[in-house]
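File shown: input.txt (compact mmCIF, C-alpha atoms).
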# COMPACT_ATOMS: atom_id res chain seq x y z
CA MET A 233 0.00 0.00 0.00
CA PRO A 234 1.40 3.46 -0.90
CA THR A 235 2.70 5.49 2.04
CA GLY A 236 4.31 8.88 2.55
CA LYS A 237 3.51 12.43 3.57
CA ASN A 238 1.79 13.29 0.29
CA GLN A 239 -0.47 10.25 0.56
CA LYS A 240 -2.01 11.76 3.68
CA LEU A 241 -3.09 14.78 1.59
CA LYS A 242 -4.64 12.63 -1.11
CA LEU A 243 -8.25 13.76 -0.53
CA SER A 244 -7.17 17.40 -0.45
CA TYR A 245 -5.31 17.00 -3.74
CA MET A 246 -8.28 15.25 -5.33
CA ALA A 247 -10.59 18.08 -4.31
CA ARG A 248 -8.15 20.61 -5.79
CA ILE A 249 -7.86 18.65 -9.04
CA LEU A 250 -11.63 18.45 -9.45
CA LEU A 251 -11.98 22.17 -8.63
CA GLU A 252 -9.25 23.31 -11.03
CA LYS A 253 -9.60 20.80 -13.86
CA THR A 254 -13.33 20.11 -14.10
CA ASP A 255 -16.65 21.85 -14.55
CA LYS A 256 -20.00 20.93 -16.06
CA ASP A 257 -18.42 20.83 -19.53
CA HIS A 258 -15.11 19.16 -18.63
CA SER A 259 -14.66 15.86 -16.76
CA LEU A 260 -11.77 13.57 -15.80
CA THR A 261 -11.67 9.78 -15.97
CA LEU A 262 -10.23 7.79 -13.08
CA GLN A 263 -7.11 7.23 -15.19
CA GLN A 264 -6.72 10.98 -15.69
CA ILE A 265 -7.29 11.64 -11.97
CA GLU A 266 -4.63 9.05 -11.21
CA ALA A 267 -2.20 10.84 -13.54
CA GLU A 268 -2.97 14.22 -11.94
CA LEU A 269 -2.34 12.78 -8.47
CA LEU A 270 1.07 11.53 -9.58
CA LEU A 271 2.04 15.16 -10.23
CA TYR A 272 1.57 15.72 -6.49
CA GLY A 273 3.62 12.61 -5.68
CA VAL A 274 0.54 10.56 -4.79
CA THR A 275 -0.11 7.05 -6.11
CA ALA A 276 -3.58 5.51 -6.15
CA SER A 277 -5.30 2.33 -7.22
CA ARG A 278 -8.52 2.41 -9.22
CA LYS A 279 -10.50 0.91 -6.32
CA SER A 280 -9.16 3.44 -3.81
CA LEU A 281 -10.24 6.29 -6.11
CA TYR A 282 -13.84 5.07 -6.00
CA ASP A 283 -13.64 5.15 -2.20
CA ASP A 284 -12.05 8.62 -2.27
CA ILE A 285 -14.79 10.02 -4.49
CA GLU A 286 -17.42 8.71 -2.07
CA ALA A 287 -15.46 10.30 0.78
CA LEU A 288 -15.49 13.67 -1.03
CA LYS A 289 -19.25 13.37 -1.45
CA THR A 290 -19.60 12.68 2.26
CA LEU A 291 -17.58 15.84 2.94
CA GLY A 292 -20.11 17.85 0.93
CA LEU A 293 -18.56 18.10 -2.54
CA LYS A 294 -21.03 17.38 -5.31
CA VAL A 295 -18.94 15.05 -7.48
CA VAL A 296 -20.87 13.74 -10.47
CA GLY A 297 -19.86 10.70 -12.52
CA LYS A 298 -21.12 10.10 -16.05
CA LYS A 299 -20.52 7.08 -18.25
CA GLU A 300 -18.28 7.81 -21.23
CA GLY A 301 -17.87 4.74 -23.38
CA SER A 302 -16.60 1.88 -21.23
CA THR A 303 -15.53 4.12 -18.32
CA TYR A 304 -16.81 6.89 -16.07
CA ALA A 305 -15.70 10.54 -16.03
CA TYR A 306 -16.13 12.82 -13.02
CA HIS A 307 -16.59 16.55 -12.50
CA LEU A 308 -17.48 18.93 -9.70
CA GLU A 309 -21.09 19.91 -10.25
CA SER A 310 -21.55 22.86 -7.89
CA LYS A 311 -19.05 25.42 -6.64
CA LYS A 312 -19.27 28.46 -4.40
CA PHE A 313 -19.80 30.72 -7.42
CA ASP A 314 -21.25 29.98 -10.85
CA MET A 315 -19.73 31.52 -13.98
CA ALA A 316 -22.28 34.33 -14.24
CA GLU A 317 -21.40 35.43 -10.68
CA LEU A 318 -17.64 35.24 -11.34
CA LYS A 319 -18.00 37.28 -14.54
CA LEU A 320 -20.00 39.87 -12.62
CA LEU A 321 -17.23 40.10 -9.99
CA VAL A 322 -14.56 40.53 -12.68
CA ASP A 323 -16.59 43.22 -14.44
CA ALA A 324 -17.12 45.07 -11.15
CA ILE A 325 -13.40 44.95 -10.33
CA GLN A 326 -12.33 46.14 -13.76
CA SER A 327 -14.84 48.98 -13.86
CA SER A 328 -14.21 50.17 -10.30
CA LYS A 329 -12.38 53.49 -10.27
CA PHE A 330 -11.05 53.22 -6.73
CA ILE A 331 -9.20 49.91 -7.38
CA SER A 332 -5.78 50.49 -8.96
CA GLU A 333 -4.69 48.68 -12.13
CA ASN A 334 -2.22 46.46 -10.26
CA LYS A 335 -4.73 45.56 -7.57
CA SER A 336 -7.35 44.83 -10.24
CA ARG A 337 -5.05 42.28 -11.86
CA ASP A 338 -4.31 40.64 -8.50
CA LEU A 339 -7.99 40.42 -7.55
CA ILE A 340 -9.06 39.06 -10.93
CA LYS A 341 -6.35 36.39 -10.69
CA LYS A 342 -7.78 35.34 -7.31
CA VAL A 343 -11.33 35.33 -8.65
CA ALA A 344 -10.17 33.14 -11.55
CA GLY A 345 -8.84 30.70 -8.96
CA LEU A 346 -12.44 30.03 -7.92
CA ALA A 347 -13.16 28.55 -11.36
CA SER A 348 -11.76 25.65 -13.33
CA GLU A 349 -8.85 26.41 -15.66
CA HIS A 350 -11.26 26.11 -18.58
CA GLU A 351 -13.72 28.60 -17.07
CA ALA A 352 -10.88 30.93 -16.03
CA ARG A 353 -10.14 31.63 -19.69
CA GLN A 354 -13.61 33.14 -20.01
CA LEU A 355 -12.82 35.54 -17.19
CA LYS A 356 -10.05 37.25 -19.15
CA ARG A 357 -12.48 39.91 -20.27
CA GLN A 358 -11.92 43.58 -20.91
CA VAL A 359 -14.62 45.91 -19.65
CA ILE A 360 -14.61 49.26 -21.41
CA VAL A 361 -15.62 52.10 -19.11
CA GLN A 362 -15.99 55.55 -20.61
CA GLY A 363 -13.55 58.03 -19.12
CA ARG A 364 -12.51 55.80 -16.23
CA VAL A 365 -9.61 57.02 -14.12
CA LYS A 366 -8.20 54.29 -11.89
CA THR A 367 -6.90 55.35 -8.50
CA MET A 368 -3.15 55.65 -8.00
CA ASN A 369 -3.30 54.89 -4.28
CA GLU A 370 -2.17 51.25 -3.94
CA SER A 371 -2.85 51.23 -0.19
CA VAL A 372 -6.63 51.82 -0.41
CA PHE A 373 -7.44 48.29 0.74
CA GLN A 374 -5.25 48.58 3.83
CA ILE A 375 -6.78 51.98 4.63
CA VAL A 376 -10.32 50.59 4.33
CA ASP A 377 -9.34 47.68 6.58
CA GLU A 378 -7.87 50.03 9.21
CA ILE A 379 -11.01 52.19 9.17
CA HIS A 380 -13.19 49.11 9.71
CA ARG A 381 -10.88 47.98 12.52
CA ALA A 382 -11.05 51.39 14.22
CA ILE A 383 -14.85 51.34 14.02
CA GLY A 384 -14.87 47.81 15.45
CA ILE A 385 -12.76 48.73 18.48
CA ASN A 386 -14.39 52.18 18.90
CA ARG A 387 -11.26 54.28 18.34
CA GLN A 388 -10.46 57.56 16.62
CA ILE A 389 -8.08 57.68 13.66
CA LYS A 390 -5.33 60.06 12.57
CA PHE A 391 -4.27 60.56 8.97
CA GLY A 392 -2.89 62.92 6.38
CA TYR A 393 -5.21 64.04 3.59
CA MET A 394 -4.04 64.75 0.06
CA GLN A 395 -5.20 66.85 -2.88
CA TRP A 396 -4.10 67.24 -6.50
CA SER A 397 -1.76 70.09 -7.43
CA LEU A 398 -1.55 71.75 -10.84
CA ASP A 399 1.53 69.70 -11.69
CA LYS A 400 -0.57 66.53 -11.20
CA LYS A 401 0.98 65.50 -7.89
CA LEU A 402 -0.79 64.57 -4.67
CA VAL A 403 0.17 67.11 -2.01
CA PRO A 404 -1.04 67.59 1.59
CA HIS A 405 -4.43 69.28 1.86
CA ARG A 406 -3.24 70.98 5.01
CA LYS A 407 -0.18 70.96 7.24
CA ASP A 408 -1.73 69.13 10.23
CA ASP A 409 -3.14 65.61 10.24
CA TYR A 410 -6.85 65.05 10.72
CA ILE A 411 -7.99 63.35 13.93
CA VAL A 412 -11.59 62.15 13.60
CA SER A 413 -14.03 59.52 14.83
CA PRO A 414 -14.86 57.12 11.97
CA TRP A 415 -18.47 55.96 11.79
CA ALA A 416 -19.07 54.64 8.30
CA LEU A 417 -17.70 54.00 4.82
CA VAL A 418 -19.95 55.11 1.98
CA TRP A 419 -19.73 54.15 -1.68
CA ASP A 420 -20.80 57.06 -3.89
CA ASN A 421 -20.11 57.92 -7.54
CA GLU A 422 -17.56 55.08 -7.85
CA ASN A 423 -15.56 56.24 -4.83
CA TYR A 424 -15.17 55.19 -1.21
CA TYR A 425 -15.74 57.90 1.38
CA LEU A 426 -15.05 57.91 5.09
CA VAL A 427 -17.85 59.55 7.07
CA ALA A 428 -16.51 60.76 10.40
CA TYR A 429 -17.10 63.19 13.24
CA ASP A 430 -14.59 66.00 13.76
CA GLU A 431 -14.58 66.76 17.48
CA LYS A 432 -12.62 69.98 17.06
CA GLU A 433 -15.12 71.49 14.63
CA GLU A 434 -18.13 69.58 16.04
CA PHE A 435 -19.18 68.60 12.55
CA ILE A 436 -19.71 65.48 10.41
CA LYS A 437 -17.19 65.34 7.57
CA HIS A 438 -16.44 63.03 4.68
CA PHE A 439 -13.10 62.16 3.08
CA ARG A 440 -12.17 60.38 -0.15
CA VAL A 441 -10.47 57.17 1.03
CA ASP A 442 -8.02 57.09 -1.89
CA LYS A 443 -6.68 60.49 -0.75
CA ILE A 444 -6.02 59.37 2.81
CA LYS A 445 -2.37 58.80 3.66
CA GLU A 446 -0.61 57.13 6.60
CA ILE A 447 -3.58 56.24 8.76
CA TYR A 448 -3.14 55.46 12.47
CA ILE A 449 -5.58 54.17 15.06
CA THR A 450 -5.35 56.24 18.26
CA ASP A 451 -6.03 55.23 21.86
CA LYS A 452 -8.87 57.73 22.17
CA ALA A 453 -12.49 56.50 22.06
CA ARG A 454 -14.76 57.76 19.27
CA ASN A 455 -17.16 60.61 19.86
CA GLY A 456 -20.11 62.07 17.95
CA ARG A 457 -22.25 58.98 18.56
CA GLN A 458 -25.42 61.01 19.05
CA ASP A 459 -24.93 62.84 15.75
CA PHE A 460 -24.79 59.55 13.90
CA LYS A 461 -27.54 57.96 15.99
CA ASP A 462 -29.87 60.71 14.80
CA SER A 463 -28.69 60.38 11.20
CA ASP A 464 -29.68 57.96 8.42
CA LEU A 465 -26.42 57.29 6.57
CA ALA A 466 -28.20 56.14 3.42
CA ASP A 467 -30.09 59.45 3.32
CA TYR A 468 -26.89 61.31 4.15
CA ALA A 469 -25.14 59.86 1.10
CA LYS A 470 -28.15 60.50 -1.11
CA GLN A 471 -28.42 64.14 -0.05
CA ASN A 472 -24.72 64.95 -0.34
CA PHE A 473 -24.29 64.86 -4.09
CA TYR A 474 -20.96 63.12 -4.76
CA MET A 475 -20.09 63.78 -1.11
CA HIS A 476 -19.63 67.55 -1.49
CA GLY A 477 -21.25 69.08 1.56
CA GLY A 478 -23.84 71.79 1.71
CA GLU A 479 -26.75 72.96 3.83
CA LYS A 480 -29.46 70.29 4.06
CA THR A 481 -32.63 71.74 2.56
CA LYS A 482 -36.04 70.50 1.45
CA VAL A 483 -36.08 71.35 -2.26
CA LYS A 484 -39.06 71.26 -4.60
CA LEU A 485 -38.21 69.96 -8.06
CA GLY A 486 -40.30 70.04 -11.22
CA PHE A 487 -39.47 67.59 -13.99
CA LYS A 488 -40.82 66.31 -17.28
CA ASP A 489 -42.58 62.98 -16.82
CA GLU A 490 -39.97 61.24 -18.99
CA MET A 491 -37.32 62.11 -16.35
CA VAL A 492 -39.01 60.17 -13.54
CA GLY A 493 -36.40 57.39 -13.83
CA VAL A 494 -33.56 59.87 -13.32
CA ILE A 495 -35.26 61.33 -10.25
CA ILE A 496 -35.97 57.91 -8.70
CA ASP A 497 -32.41 56.72 -9.41
CA ARG A 498 -31.08 59.74 -7.54
CA PHE A 499 -33.52 59.98 -4.62
CA GLY A 500 -35.07 56.51 -4.31
CA LYS A 501 -38.57 55.09 -4.66
CA ASP A 502 -39.85 56.46 -1.34
CA ILE A 503 -40.25 60.03 -2.60
CA MET A 504 -43.75 61.43 -3.16
CA ILE A 505 -44.49 62.40 -6.78
CA HIS A 506 -47.52 64.43 -7.84
CA SER A 507 -48.73 66.13 -10.99
CA GLY A 508 -47.23 69.50 -11.86
CA LYS A 509 -48.92 72.70 -12.96
CA GLU A 510 -48.01 72.08 -16.59
CA LYS A 511 -49.13 69.11 -18.67
CA GLY A 512 -46.44 66.46 -18.93
CA TRP A 513 -44.65 67.69 -15.80
CA SER A 514 -44.50 66.28 -12.27
CA GLU A 515 -43.18 67.58 -8.95
CA THR A 516 -41.49 66.17 -5.86
CA ASN A 517 -39.94 67.42 -2.62
CA VAL A 518 -36.53 66.01 -1.70
CA ASP A 519 -33.87 66.59 0.93
CA VAL A 520 -30.54 67.63 -0.60
CA ALA A 521 -27.30 69.23 0.49
CA VAL A 522 -27.47 72.42 -1.56
CA SER A 523 -24.08 72.99 -3.17
CA GLU A 524 -22.40 73.74 -6.49
CA GLN A 525 -22.49 70.00 -7.20
CA PHE A 526 -26.28 69.94 -6.74
CA PHE A 527 -26.67 72.93 -9.05
CA GLY A 528 -24.36 71.21 -11.54
CA TRP A 529 -26.56 68.11 -11.47
CA VAL A 530 -29.68 70.18 -12.19
CA PHE A 531 -27.88 72.13 -14.92
CA GLY A 532 -26.77 68.87 -16.54
CA LEU A 533 -30.39 67.82 -16.99
CA GLY A 534 -31.08 70.90 -19.11
CA THR A 535 -34.64 72.13 -19.54
CA LYS A 536 -36.18 68.87 -18.31
CA VAL A 537 -35.69 69.56 -14.59
CA LYS A 538 -36.07 72.83 -12.68
CA ILE A 539 -35.87 74.00 -9.09
CA LEU A 540 -39.24 75.35 -7.94
CA GLY A 541 -38.41 76.23 -4.34
CA PRO A 542 -37.57 77.41 -1.84
CA GLU A 543 -36.88 80.85 -3.27
CA LYS A 544 -33.47 80.97 -1.58
CA VAL A 545 -32.32 77.92 -3.56
CA VAL A 546 -33.87 79.18 -6.81
CA LYS A 547 -32.04 82.47 -6.34
CA GLY A 548 -28.79 80.64 -5.59
CA PHE A 549 -29.11 78.62 -8.80
CA LYS A 550 -29.78 81.75 -10.87
CA GLU A 551 -26.72 83.44 -9.36
CA GLU A 552 -24.66 80.36 -10.19
CA LEU A 553 -25.82 80.59 -13.83
CA LYS A 554 -24.90 84.30 -13.90
CA ASP A 555 -21.42 83.50 -12.57
CA ILE A 556 -20.96 80.85 -15.25
CA ASP A 557 -22.08 83.29 -17.95
CA TYR A 558 -19.69 85.93 -16.58
CA ASN A 559 -16.76 83.51 -16.66
CA TYR A 560 -17.41 82.68 -20.31
CA ASN A 561 -17.64 86.35 -21.29
CA HIS A 562 -14.72 87.73 -19.26
CA TYR A 563 -11.99 85.08 -19.38
Once you've parsed the file, please lay out its structure as structure tokens.
Amino acid sequence: MPTGKNQKLKLSYMARILLEKTDKDHSLTLQQIEAELLLYGVTASRKSLYDDIEALKTLGLKVVGKKEGSTYAYHLESKKFDMAELKLLVDAIQSSKFISENKSRDLIKKVAGLASEHEARQLKRQVIVQGRVKTMNESVFQIVDEIHRAIGINRQIKFGYMQWSLDKKLVPHRKDDYIVSPWALVWDNENYYLVAYDEKEEFIKHFRVDKIKEIYITDKARNGRQDFKDSDLADYAKQNFYMHGGEKTKVKLGFKDEMVGVIIDRFGKDIMIHSGKEKGWSETNVDVAVSEQFFGWVFGLGTKVKILGPEKVVKGFKEELKDIDYNYNHY
């Protein structure tokens, strides 16, 4: 009977072989499995392989055998992810702006490891994303992990925050590091944002994670709990267009009926919509953080969406349009 250290790992090797070499369209005969095991330094008799396959089934692997001519061929029927799910993961990784090119390649390689070598070839896809700019911060994953860890142990964090200079270099946003209480990570407009409480300014702030540098977890407990207890983070993200802050205001919007999908995509299905004063128009009231980014969003929708109130916001939008017109006529 074969003996040796590798023999003790026989079942593990068999599971790996079936995972990597088989799928619903590709099977291995017992002779082929025997040959694959030899590559791991494991010898096996035909009878022992039957027993091993039954053992793998007992352990929960769905090994299926089908008759092919005078012999049987085996493949792993079900895996943790099917191909449609793996392709979706690859597409999401490739199209994500906050994941760097190098990290994308590493992650896709790991995702491919969840499929057979035949299926992995299908995962070498190229997703074309219009105008995508991949992040240059290779440490984003470590930063995200540290933020989650700080939240888990209820500690404040300290970090430097960067901004782009005209010569296309990341430079410090300010001289001193930020010390804040992290409360959440929000995904918005293809970017990760840290939502945190600044004790010094007594204000909730948000920071682009890919611009955070040299993060440290302090010994000081988080504060600002009440501010976040009274806040709905999903609403917070929805109101703060692309995470640029502004005064939270109830704004009345009028829009052509054909734009209802755009409005729902931005503000969710819970908003109340009613008929407008003009035929073919509807109205809704939404909470937004009024800012240049909000005005820019309205402007981008052209004549199909307009701000109806309050007057303060309407006036602010008109002044913004005047400033834009001035810039184009006096540059």
- request: Go ahead and compute the interatomic distance for CA of Phe435 in chain A and CA of Val520 in chain A, in Å to one decimal.
  value: 17.4 Å
Give me, as a PDB file with C-alpha atoms, keeping the file's coordinate frame, all polymer residues having an atom no more than 10 Å from range 313-318 of chain A, counting only C-alpha atoms and skipping those fewer than 5 positions away in the same chain.
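And here's selection-v9.pdb as it stands now:
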ATOM      1  CA  ASP A 323     -16.590  43.220 -14.440  1.00  0.00           C
ATOM      2  CA  ALA A 324     -17.120  45.070 -11.150  1.00  0.00           C
ATOM      3  CA  ILE A 340      -9.060  39.060 -10.930  1.00  0.00           C
ATOM      4  CA  VAL A 343     -11.330  35.330  -8.650  1.00  0.00           C
ATOM      5  CA  ALA A 344     -10.170  33.140 -11.550  1.00  0.00           C
ATOM      6  CA  LEU A 346     -12.440  30.030  -7.920  1.00  0.00           C
ATOM      7  CA  ALA A 347     -13.160  28.550 -11.360  1.00  0.00           C
ATOM      8  CA  SER A 348     -11.760  25.650 -13.330  1.00  0.00           C
ATOM      9  CA  GLU A 351     -13.720  28.600 -17.070  1.00  0.00           C
ATOM     10  CA  ALA A 352     -10.880  30.930 -16.030  1.00  0.00           C
ATOM     11  CA  GLN A 354     -13.610  33.140 -20.010  1.00  0.00           C
ATOM     12  CA  LEU A 355     -12.820  35.540 -17.190  1.00  0.00           C
TER      13      LEU A 355
END
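The shell of residues at most 12 Å from Asp377 in chain A, with only C-alpha atoms counted and near chain neighbours (fewer than 5 positions) removed, consists of Ser371, Val372, Ala382, Ile383, Gly384, Leu417, Leu426, Val441, Ile447, Tyr448 and Ile449 of chain A.
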- prompt: Which residues come within 7 Å of range 284-286 of chain A, counting all atoms listed in the file, excluding same-chain residues fewer than 4 positions away, as a PyMOL selection string?
  reply: chain A and resi 243+280+290
Just write the chosen residues, C-alpha atoms, as a PDB file, in the frame of the given file.
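again.pdb was written with the following content:
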ATOM      1  CA  LEU A 243      -8.250  13.760  -0.530  1.00  0.00           C
ATOM      2  CA  SER A 280      -9.160   3.440  -3.810  1.00  0.00           C
ATOM      3  CA  THR A 290     -19.600  12.680   2.260  1.00  0.00           C
TER       4      THR A 290
END
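Residues lying within 7 Å of Gln388 in chain A, counting only C-alpha atoms and ignoring same-chain neighbours fewer than 3 positions away, are Ala382, Ile411, Val412, Ser413, Pro414, Ile449, Thr450, Lys452, Ala453 and Arg454 of chain A.
Taking all atoms listed in the file into account, Ile389 in chain A lies nearest to A:Asn455 out of the set A:Asn455, A:Ser514, A:Ser523, A:Ser302.
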field: Between CA of Ser397 in chain A and CA of Glu446 in chain A - distance in Å to one decimal
entry: 19.1 Å
message: Residues within 9 Å of Gly456 in chain A, please, as a ChimeraX atom specification. Count only C-alpha atoms; anything in the same chain fewer than 4 positions from it doesn't count.
response: /A:413,415,428-431,434-436,460-461
Since we have the selection now, will you write its residues out, keeping C-alpha atoms, as an mmCIF file, in the frame of the given file?
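What landed in out19.cif:
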data_model
loop_
_atom_site.group_PDB
_atom_site.id
_atom_site.type_symbol
_atom_site.label_atom_id
_atom_site.label_comp_id
_atom_site.auth_asym_id
_atom_site.auth_seq_id
_atom_site.Cartn_x
_atom_site.Cartn_y
_atom_site.Cartn_z
ATOM 1 C CA SER A 413 -14.030 59.520 14.830
ATOM 2 C CA TRP A 415 -18.470 55.960 11.790
ATOM 3 C CA ALA A 428 -16.510 60.760 10.400
ATOM 4 C CA TYR A 429 -17.100 63.190 13.240
ATOM 5 C CA ASP A 430 -14.590 66.000 13.760
ATOM 6 C CA GLU A 431 -14.580 66.760 17.480
ATOM 7 C CA GLU A 434 -18.130 69.580 16.040
ATOM 8 C CA PHE A 435 -19.180 68.600 12.550
ATOM 9 C CA ILE A 436 -19.710 65.480 10.410
ATOM 10 C CA PHE A 460 -24.790 59.550 13.900
ATOM 11 C CA LYS A 461 -27.540 57.960 15.990
#
As a PDB file, in the coordinates of the input, the rebuilt range 258-280 of chain A with N, CA and C atoms:
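Below is the file that was written, out-v2.pdb:
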ATOM      1  N   HIS A 258     -16.404  19.852 -18.581  1.00  0.00           N
ATOM      2  CA  HIS A 258     -15.110  19.160 -18.630  1.00  0.00           C
ATOM      3  C   HIS A 258     -15.007  18.178 -17.464  1.00  0.00           C
ATOM      4  N   SER A 259     -14.751  16.916 -17.781  1.00  0.00           N
ATOM      5  CA  SER A 259     -14.660  15.860 -16.760  1.00  0.00           C
ATOM      6  C   SER A 259     -13.324  15.140 -16.863  1.00  0.00           C
ATOM      7  N   LEU A 260     -12.990  14.378 -15.826  1.00  0.00           N
ATOM      8  CA  LEU A 260     -11.770  13.570 -15.800  1.00  0.00           C
ATOM      9  C   LEU A 260     -12.135  12.112 -15.526  1.00  0.00           C
ATOM     10  N   THR A 261     -11.493  11.211 -16.251  1.00  0.00           N
ATOM     11  CA  THR A 261     -11.670   9.780 -15.970  1.00  0.00           C
ATOM     12  C   THR A 261     -10.815   9.428 -14.763  1.00  0.00           C
ATOM     13  N   LEU A 262     -11.044   8.229 -14.212  1.00  0.00           N
ATOM     14  CA  LEU A 262     -10.230   7.790 -13.080  1.00  0.00           C
ATOM     15  C   LEU A 262      -8.760   7.709 -13.474  1.00  0.00           C
ATOM     16  N   GLN A 263      -8.486   7.304 -14.725  1.00  0.00           N
ATOM     17  CA  GLN A 263      -7.110   7.230 -15.190  1.00  0.00           C
ATOM     18  C   GLN A 263      -6.467   8.616 -15.229  1.00  0.00           C
ATOM     19  N   GLN A 264      -7.242   9.616 -15.649  1.00  0.00           N
ATOM     20  CA  GLN A 264      -6.720  10.980 -15.690  1.00  0.00           C
ATOM     21  C   GLN A 264      -6.527  11.545 -14.280  1.00  0.00           C
ATOM     22  N   ILE A 265      -7.442  11.204 -13.370  1.00  0.00           N
ATOM     23  CA  ILE A 265      -7.290  11.640 -11.970  1.00  0.00           C
ATOM     24  C   ILE A 265      -6.030  11.010 -11.380  1.00  0.00           C
ATOM     25  N   GLU A 266      -5.816   9.755 -11.695  1.00  0.00           N
ATOM     26  CA  GLU A 266      -4.630   9.050 -11.210  1.00  0.00           C
ATOM     27  C   GLU A 266      -3.363   9.740 -11.700  1.00  0.00           C
ATOM     28  N   ALA A 267      -3.365  10.150 -12.975  1.00  0.00           N
ATOM     29  CA  ALA A 267      -2.200  10.840 -13.540  1.00  0.00           C
ATOM     30  C   ALA A 267      -1.983  12.198 -12.879  1.00  0.00           C
ATOM     31  N   GLU A 268      -3.078  12.915 -12.601  1.00  0.00           N
ATOM     32  CA  GLU A 268      -2.970  14.220 -11.940  1.00  0.00           C
ATOM     33  C   GLU A 268      -2.423  14.074 -10.523  1.00  0.00           C
ATOM     34  N   LEU A 269      -2.843  13.017  -9.829  1.00  0.00           N
ATOM     35  CA  LEU A 269      -2.340  12.780  -8.470  1.00  0.00           C
ATOM     36  C   LEU A 269      -0.851  12.501  -8.462  1.00  0.00           C
ATOM     37  N   LEU A 270      -0.370  11.830  -9.491  1.00  0.00           N
ATOM     38  CA  LEU A 270       1.070  11.530  -9.580  1.00  0.00           C
ATOM     39  C   LEU A 270       1.900  12.812  -9.619  1.00  0.00           C
ATOM     40  N   LEU A 271       1.329  13.884 -10.186  1.00  0.00           N
ATOM     41  CA  LEU A 271       2.040  15.160 -10.230  1.00  0.00           C
ATOM     42  C   LEU A 271       2.259  15.732  -8.834  1.00  0.00           C
ATOM     43  N   TYR A 272       1.419  15.311  -7.895  1.00  0.00           N
ATOM     44  CA  TYR A 272       1.570  15.720  -6.490  1.00  0.00           C
ATOM     45  C   TYR A 272       2.358  14.679  -5.695  1.00  0.00           C
ATOM     46  N   GLY A 273       2.867  13.661  -6.380  1.00  0.00           N
ATOM     47  CA  GLY A 273       3.620  12.610  -5.680  1.00  0.00           C
ATOM     48  C   GLY A 273       2.734  11.627  -4.960  1.00  0.00           C
ATOM     49  N   VAL A 274       1.499  11.455  -5.430  1.00  0.00           N
ATOM     50  CA  VAL A 274       0.540  10.560  -4.790  1.00  0.00           C
ATOM     51  C   VAL A 274       0.180   9.437  -5.768  1.00  0.00           C
ATOM     52  N   THR A 275       0.308   8.201  -5.314  1.00  0.00           N
ATOM     53  CA  THR A 275      -0.110   7.050  -6.110  1.00  0.00           C
ATOM     54  C   THR A 275      -1.453   6.562  -5.611  1.00  0.00           C
ATOM     55  N   ALA A 276      -2.243   5.965  -6.532  1.00  0.00           N
ATOM     56  CA  ALA A 276      -3.580   5.510  -6.150  1.00  0.00           C
ATOM     57  C   ALA A 276      -4.021   4.363  -7.040  1.00  0.00           C
ATOM     58  N   SER A 277      -4.713   3.423  -6.440  1.00  0.00           N
ATOM     59  CA  SER A 277      -5.300   2.330  -7.220  1.00  0.00           C
ATOM     60  C   SER A 277      -6.692   2.750  -7.661  1.00  0.00           C
ATOM     61  N   ARG A 278      -7.211   2.091  -8.703  1.00  0.00           N
ATOM     62  CA  ARG A 278      -8.520   2.410  -9.220  1.00  0.00           C
ATOM     63  C   ARG A 278      -9.603   2.259  -8.141  1.00  0.00           C
ATOM     64  N   LYS A 279      -9.503   1.160  -7.359  1.00  0.00           N
ATOM     65  CA  LYS A 279     -10.500   0.910  -6.320  1.00  0.00           C
ATOM     66  C   LYS A 279     -10.466   1.993  -5.239  1.00  0.00           C
ATOM     67  N   SER A 280      -9.254   2.426  -4.865  1.00  0.00           N
ATOM     68  CA  SER A 280      -9.160   3.440  -3.810  1.00  0.00           C
ATOM     69  C   SER A 280      -9.755   4.766  -4.286  1.00  0.00           C
TER      70      SER A 280
END
